[in-house]
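Have a look at model-v3.pdb; it's PDB, C-alpha atoms and all ligand atoms:
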MODEL        1
ATOM      1  CA  MET A   1       0.796  11.746   0.616  1.00  0.00           C
ATOM      2  CA  ALA A   2       1.932   8.449  -0.794  1.00  0.00           C
ATOM      3  CA  LEU A   3       3.126   7.385  -4.195  1.00  0.00           C
ATOM      4  CA  ILE A   4       1.070   4.892  -6.141  1.00  0.00           C
ATOM      5  CA  LYS A   5       1.410   3.345  -9.561  1.00  0.00           C
ATOM      6  CA  CYS A   6      -0.934   4.557 -12.249  1.00  0.00           C
ATOM      7  CA  PRO A   7      -2.988   1.474 -13.255  1.00  0.00           C
ATOM      8  CA  GLU A   8      -2.774   2.583 -16.879  1.00  0.00           C
ATOM      9  CA  CYS A   9       0.834   3.662 -17.505  1.00  0.00           C
ATOM     10  CA  LYS A  10       2.408   2.161 -14.338  1.00  0.00           C
ATOM     11  CA  ARG A  11       4.350   5.311 -13.507  1.00  0.00           C
ATOM     12  CA  ASP A  12       4.537   6.911 -10.045  1.00  0.00           C
ATOM     13  CA  ILE A  13       1.861   9.415  -9.152  1.00  0.00           C
ATOM     14  CA  SER A  14       0.506  10.983  -5.990  1.00  0.00           C
ATOM     15  CA  SER A  15      -2.279   9.095  -4.249  1.00  0.00           C
ATOM     16  CA  ASN A  16      -4.093  12.438  -4.044  1.00  0.00           C
ATOM     17  CA  ALA A  17      -4.030  13.040  -7.784  1.00  0.00           C
ATOM     18  CA  GLN A  18      -7.376  13.292  -9.565  1.00  0.00           C
ATOM     19  CA  THR A  19      -5.806  12.204 -12.816  1.00  0.00           C
ATOM     20  CA  CYS A  20      -2.451  10.704 -13.749  1.00  0.00           C
ATOM     21  CA  ILE A  21       0.021  13.498 -14.508  1.00  0.00           C
ATOM     22  CA  HIS A  22       1.699  11.287 -17.120  1.00  0.00           C
ATOM     23  CA  CYS A  23      -1.180   9.837 -19.139  1.00  0.00           C
ATOM     24  CA  GLY A  24      -4.323  11.528 -17.829  1.00  0.00           C
ATOM     25  CA  PHE A  25      -5.915   8.362 -16.462  1.00  0.00           C
ATOM     26  CA  PRO A  26      -8.807   9.346 -14.135  1.00  0.00           C
ATOM     27  CA  ILE A  27      -7.571   7.857 -10.873  1.00  0.00           C
ATOM     28  CA  GLN A  28     -10.323   9.117  -8.575  1.00  0.00           C
ATOM     29  CA  GLU A  29     -13.148   8.228 -10.958  1.00  0.00           C
ATOM     30  CA  GLN A  30     -12.483   4.545 -10.768  1.00  0.00           C
ATOM     31  CA  ILE A  31     -15.516   2.892  -9.293  1.00  0.00           C
ATOM     32  CA  SER A  32     -14.532   0.307  -6.769  1.00  0.00           C
ATOM     33  CA  LYS A  33     -16.673  -1.901  -4.596  1.00  0.00           C
ATOM     34  CA  GLY A  34     -14.293  -2.321  -1.721  1.00  0.00           C
ATOM     35  CA  LYS A  35     -11.509  -0.352  -0.187  1.00  0.00           C
ATOM     36  CA  VAL A  36      -8.240  -1.196   1.501  1.00  0.00           C
ATOM     37  CA  ILE A  37      -6.491   1.208   3.807  1.00  0.00           C
ATOM     38  CA  PHE A  38      -2.886   0.705   4.857  1.00  0.00           C
ATOM     39  CA  ARG A  39      -1.645   2.891   7.671  1.00  0.00           C
ATOM     40  CA  THR A  40       1.926   2.770   8.929  1.00  0.00           C
ATOM     41  CA  SER A  41       2.999   3.334  12.502  1.00  0.00           C
ATOM     42  CA  ASN A  42       5.242   6.186  13.531  1.00  0.00           C
ATOM     43  CA  ASP A  43       8.051   3.768  14.445  1.00  0.00           C
ATOM     44  CA  PHE A  44      11.406   5.285  13.548  1.00  0.00           C
ATOM     45  CA  ILE A  45      12.514   3.710  10.264  1.00  0.00           C
ATOM     46  CA  GLY A  46      15.157   6.222   9.235  1.00  0.00           C
ATOM     47  CA  GLN A  47      15.284   8.491   6.224  1.00  0.00           C
ATOM     48  CA  LEU A  48      15.459   5.634   3.757  1.00  0.00           C
ATOM     49  CA  GLY A  49      13.166   3.111   5.409  1.00  0.00           C
ATOM     50  CA  ARG A  50      10.053   2.286   3.423  1.00  0.00           C
ATOM     51  CA  TYR A  51       7.179  -0.135   3.586  1.00  0.00           C
ATOM     52  CA  THR A  52       6.388  -1.459   0.136  1.00  0.00           C
ATOM     53  CA  VAL A  53       2.944  -2.749  -0.796  1.00  0.00           C
ATOM     54  CA  LYS A  54       2.899  -5.189  -3.716  1.00  0.00           C
ATOM     55  CA  ASP A  55       0.214  -7.062  -5.567  1.00  0.00           C
ATOM     56  CA  GLU A  56       0.090 -10.820  -6.144  1.00  0.00           C
ATOM     57  CA  ASN A  57       2.404 -10.457  -9.147  1.00  0.00           C
ATOM     58  CA  GLY A  58       5.027  -8.527  -7.221  1.00  0.00           C
ATOM     59  CA  LEU A  59       4.152  -5.196  -8.812  1.00  0.00           C
ATOM     60  CA  VAL A  60       4.732  -2.298  -6.442  1.00  0.00           C
ATOM     61  CA  ILE A  61       1.446  -0.599  -5.665  1.00  0.00           C
ATOM     62  CA  ALA A  62       2.588   1.856  -3.033  1.00  0.00           C
ATOM     63  CA  THR A  63       5.624   2.913  -1.061  1.00  0.00           C
ATOM     64  CA  LEU A  64       4.927   4.230   2.413  1.00  0.00           C
ATOM     65  CA  LYS A  65       7.023   6.095   4.925  1.00  0.00           C
ATOM     66  CA  ALA A  66       6.429   6.112   8.662  1.00  0.00           C
ATOM     67  CA  ASN A  67       3.118   7.612   9.741  1.00  0.00           C
ATOM     68  CA  ASP A  68       1.772   7.375   6.230  1.00  0.00           C
ATOM     69  CA  SER A  69      -1.376   5.909   4.729  1.00  0.00           C
ATOM     70  CA  ILE A  70      -2.956   4.964   1.466  1.00  0.00           C
ATOM     71  CA  GLU A  71      -6.389   3.925   0.280  1.00  0.00           C
ATOM     72  CA  ILE A  72      -6.768   1.479  -2.580  1.00  0.00           C
ATOM     73  CA  GLY A  73     -10.029   0.638  -4.300  1.00  0.00           C
ATOM     74  CA  ILE A  74     -10.667  -3.028  -5.111  1.00  0.00           C
ATOM     75  CA  ASP A  75     -13.285  -4.801  -7.158  1.00  0.00           C
ATOM     76  CA  THR A  76     -12.472  -8.386  -6.238  1.00  0.00           C
ATOM     77  CA  ASP A  77     -11.028 -10.262  -3.283  1.00  0.00           C
ATOM     78  CA  THR A  78      -7.415  -9.145  -3.249  1.00  0.00           C
ATOM     79  CA  SER A  79      -4.264 -10.192  -1.489  1.00  0.00           C
ATOM     80  CA  PHE A  80      -1.581  -7.601  -0.895  1.00  0.00           C
ATOM     81  CA  TYR A  81       1.973  -8.274   0.192  1.00  0.00           C
ATOM     82  CA  VAL A  82       3.960  -5.880   2.318  1.00  0.00           C
ATOM     83  CA  CYS A  83       7.691  -5.821   2.947  1.00  0.00           C
ATOM     84  CA  TYR A  84      10.093  -3.432   4.577  1.00  0.00           C
ATOM     85  CA  SER A  85      13.017  -1.982   2.671  1.00  0.00           C
ATOM     86  CA  GLY A  86      15.292  -1.527   5.663  1.00  0.00           C
ATOM     87  CA  GLY A  87      16.014  -5.172   6.280  1.00  0.00           C
ATOM     88  CA  PHE A  88      15.583  -8.691   5.062  1.00  0.00           C
ATOM     89  CA  THR A  89      12.015  -9.289   6.088  1.00  0.00           C
ATOM     90  CA  PRO A  90       9.627 -11.839   4.659  1.00  0.00           C
ATOM     91  CA  LEU A  91       6.600 -10.616   2.754  1.00  0.00           C
ATOM     92  CA  LYS A  92       3.506 -10.382   4.893  1.00  0.00           C
ATOM     93  CA  GLU A  93       0.147 -11.062   3.329  1.00  0.00           C
ATOM     94  CA  ALA A  94      -2.875  -8.839   3.829  1.00  0.00           C
ATOM     95  CA  PHE A  95      -6.122 -10.254   2.468  1.00  0.00           C
ATOM     96  CA  ALA A  96      -8.901  -7.828   1.598  1.00  0.00           C
ATOM     97  CA  PRO A  97     -12.339  -9.106   0.581  1.00  0.00           C
ATOM     98  CA  ALA A  98     -14.313  -7.187  -2.035  1.00  0.00           C
ATOM     99  CA  ASP A  99     -17.422  -5.279  -0.913  1.00  0.00           C
ATOM    100  CA  SER A 100     -15.974  -4.111   2.366  1.00  0.00           C
ATOM    101  CA  VAL A 101     -13.475  -1.735   3.864  1.00  0.00           C
ATOM    102  CA  SER A 102     -10.347  -3.385   5.222  1.00  0.00           C
ATOM    103  CA  GLN A 103      -7.911  -1.371   7.266  1.00  0.00           C
ATOM    104  CA  PHE A 104      -4.463  -2.621   8.155  1.00  0.00           C
ATOM    105  CA  SER A 105      -1.896  -1.203  10.528  1.00  0.00           C
ATOM    106  CA  ILE A 106       1.750  -1.736   9.581  1.00  0.00           C
ATOM    107  CA  GLY A 107       4.787  -1.290  11.782  1.00  0.00           C
ATOM    108  CA  LEU A 108       8.075  -2.723  12.911  1.00  0.00           C
ATOM    109  CA  ALA A 109       7.795  -5.876  14.973  1.00  0.00           C
ATOM    110  CA  ASN A 110       9.921  -6.518  18.020  1.00  0.00           C
ATOM    111  CA  GLY A 111      12.466  -9.272  17.666  1.00  0.00           C
ATOM    112  CA  ASP A 112      13.444 -10.724  14.335  1.00  0.00           C
ATOM    113  CA  ASN A 113      10.025 -10.999  12.766  1.00  0.00           C
ATOM    114  CA  GLY A 114      10.525  -7.855  10.730  1.00  0.00           C
ATOM    115  CA  ILE A 115       7.212  -6.128  10.363  1.00  0.00           C
ATOM    116  CA  TYR A 116       3.695  -6.728  11.528  1.00  0.00           C
ATOM    117  CA  ILE A 117       0.425  -6.228   9.709  1.00  0.00           C
ATOM    118  CA  VAL A 118      -2.680  -6.130  11.847  1.00  0.00           C
ATOM    119  CA  LYS A 119      -6.218  -5.807  10.573  1.00  0.00           C
ATOM    120  CA  VAL A 120      -7.942  -3.098  12.560  1.00  0.00           C
TER
HETATM  121 ZN    ZN A 201      -0.703   7.084 -16.049  1.00  0.00          ZN
ENDMDL
END

Just give me the structure as structure tokens.
Ligand SMILES: [Zn+2]
Amino acid sequence: MALIKCPECKRDISSNAQTCIHCGFPIQEQISKGKVIFRTSNDFIGQLGRYTVKDENGLVIATLKANDSIEIGIDTDTSFYVCYSGGFTPLKEAFAPADSVSQFSIGLANGDNGIYIVKV
């Protein structure tokens, strides 16, 4: 289970929730054309390590632990940006076109490149 931001009230809710527990927004009823799936590796990132998925405006969409995943519905071509909380890593862009399912694998990169994002 991952935490996502309610698109209506912007508060944290479970990605499994049918409706927002804060404002009642029908999360699962949103009709989306495309879908983006982020799946993190099981690399050890410690108790506090997190991968953070942001939108183009820097708004946090999801916070993922190791061996975690989230699905996000999209209606237009969308760029996501992922960073890792456990170090100073540059944002990595993940581009997802509308009308298709894009799946990305996220994990820690060897060396000083921080994290990797691979479309699978
Ligand atoms: Zn809400």

Give as a PDB file with C-alpha atoms, in the frame of the given file the residues that the PyMOL selection byres (((not hetatm)) within 8 of (chain A and resi 201)) matches when applied to the coordinates above.
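result-v3.pdb, written as the output of this step:
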ATOM      1  CA  LYS A   5       1.410   3.345  -9.561  1.00  0.00           C
ATOM      2  CA  CYS A   6      -0.934   4.557 -12.249  1.00  0.00           C
ATOM      3  CA  PRO A   7      -2.988   1.474 -13.255  1.00  0.00           C
ATOM      4  CA  GLU A   8      -2.774   2.583 -16.879  1.00  0.00           C
ATOM      5  CA  CYS A   9       0.834   3.662 -17.505  1.00  0.00           C
ATOM      6  CA  LYS A  10       2.408   2.161 -14.338  1.00  0.00           C
ATOM      7  CA  ARG A  11       4.350   5.311 -13.507  1.00  0.00           C
ATOM      8  CA  ASP A  12       4.537   6.911 -10.045  1.00  0.00           C
ATOM      9  CA  ILE A  13       1.861   9.415  -9.152  1.00  0.00           C
ATOM     10  CA  THR A  19      -5.806  12.204 -12.816  1.00  0.00           C
ATOM     11  CA  CYS A  20      -2.451  10.704 -13.749  1.00  0.00           C
ATOM     12  CA  ILE A  21       0.021  13.498 -14.508  1.00  0.00           C
ATOM     13  CA  HIS A  22       1.699  11.287 -17.120  1.00  0.00           C
ATOM     14  CA  CYS A  23      -1.180   9.837 -19.139  1.00  0.00           C
ATOM     15  CA  GLY A  24      -4.323  11.528 -17.829  1.00  0.00           C
ATOM     16  CA  PHE A  25      -5.915   8.362 -16.462  1.00  0.00           C
TER      17      PHE A  25
END

Check the smallest atom-to-atom distance from each of A:Ser100, A:Thr63, A:Asn110, A:Asn57 to Lys35 (chain A) using all atoms listed in the file, then report the winner.
-> A:Ser100

Excluding same-chain residues fewer than 6 positions from Tyr81 (chain A), what lies within 10 Å of it counting all atoms listed in the file, as a compact mmCIF listing (two decimals) with C-alpha atoms, in the coordinates of the input?
# COMPACT_ATOMS: atom_id res chain seq x y z
CA THR A 52 6.39 -1.46 0.14
CA VAL A 53 2.94 -2.75 -0.80
CA LYS A 54 2.90 -5.19 -3.72
CA ASP A 55 0.21 -7.06 -5.57
CA GLU A 56 0.09 -10.82 -6.14
CA ASN A 57 2.40 -10.46 -9.15
CA GLY A 58 5.03 -8.53 -7.22
CA LEU A 59 4.15 -5.20 -8.81
CA VAL A 60 4.73 -2.30 -6.44
CA ILE A 61 1.45 -0.60 -5.66
CA PRO A 90 9.63 -11.84 4.66
CA LEU A 91 6.60 -10.62 2.75
CA LYS A 92 3.51 -10.38 4.89
CA GLU A 93 0.15 -11.06 3.33
CA ALA A 94 -2.88 -8.84 3.83
CA PHE A 95 -6.12 -10.25 2.47
CA ILE A 117 0.42 -6.23 9.71

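Distance annotation: of A:Ala17, A:Ala62, A:Ile106, A:Leu48, the residue with the minimal separation from Glu29 (chain A) is A:Ala17; atom set is all atoms listed in the file.
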
Residue contacts of Asp68 (chain A) (12 Å, all atoms listed in the file) excluding same-chain residues fewer than 6 positions away, as a CSV table (one decimal) with C-alpha atoms, in the coordinates of the input:
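Result saved to result.csv:
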chain,number,residue,atom,x,y,z
A,1,MET,CA,0.8,11.7,0.6
A,2,ALA,CA,1.9,8.4,-0.8
A,3,LEU,CA,3.1,7.4,-4.2
A,15,SER,CA,-2.3,9.1,-4.2
A,37,ILE,CA,-6.5,1.2,3.8
A,38,PHE,CA,-2.9,0.7,4.9
A,39,ARG,CA,-1.6,2.9,7.7
A,40,THR,CA,1.9,2.8,8.9
A,41,SER,CA,3.0,3.3,12.5
A,42,ASN,CA,5.2,6.2,13.5
A,43,ASP,CA,8.1,3.8,14.4
A,50,ARG,CA,10.1,2.3,3.4
A,51,TYR,CA,7.2,-0.1,3.6
A,52,THR,CA,6.4,-1.5,0.1
A,62,ALA,CA,2.6,1.9,-3.0
A,104,PHE,CA,-4.5,-2.6,8.2
A,105,SER,CA,-1.9,-1.2,10.5
A,106,ILE,CA,1.8,-1.7,9.6
A,107,GLY,CA,4.8,-1.3,11.8

Best match for closeness to Val36 (chain A) among A:Ala66, A:Val120, A:Ile115, A:Leu108, counting all atoms listed in the file | A:Val120

Tell me, as an MDAnalysis selection string, which residues lie within 8 Å of Asp75 (chain A), counting only C-alpha atoms; anything in the same chain fewer than 4 positions away does not count.
-> chainID A and resid 32:34 98:99

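Going from CA of Pro26 (chain A) to CA of Cys83 (chain A) covers 28.2 Å.
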
May I ask for the distance between CA of Thr78 (chain A) and CA of Ala109 (chain A), given in Å to one decimal place?
-> 24.0 Å

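Distance annotation: of A:Tyr84, A:Ser102, A:Gly114, A:Pro97, the residue with the minimal separation from Gly46 (chain A) is A:Tyr84; atom set is all atoms listed in the file.
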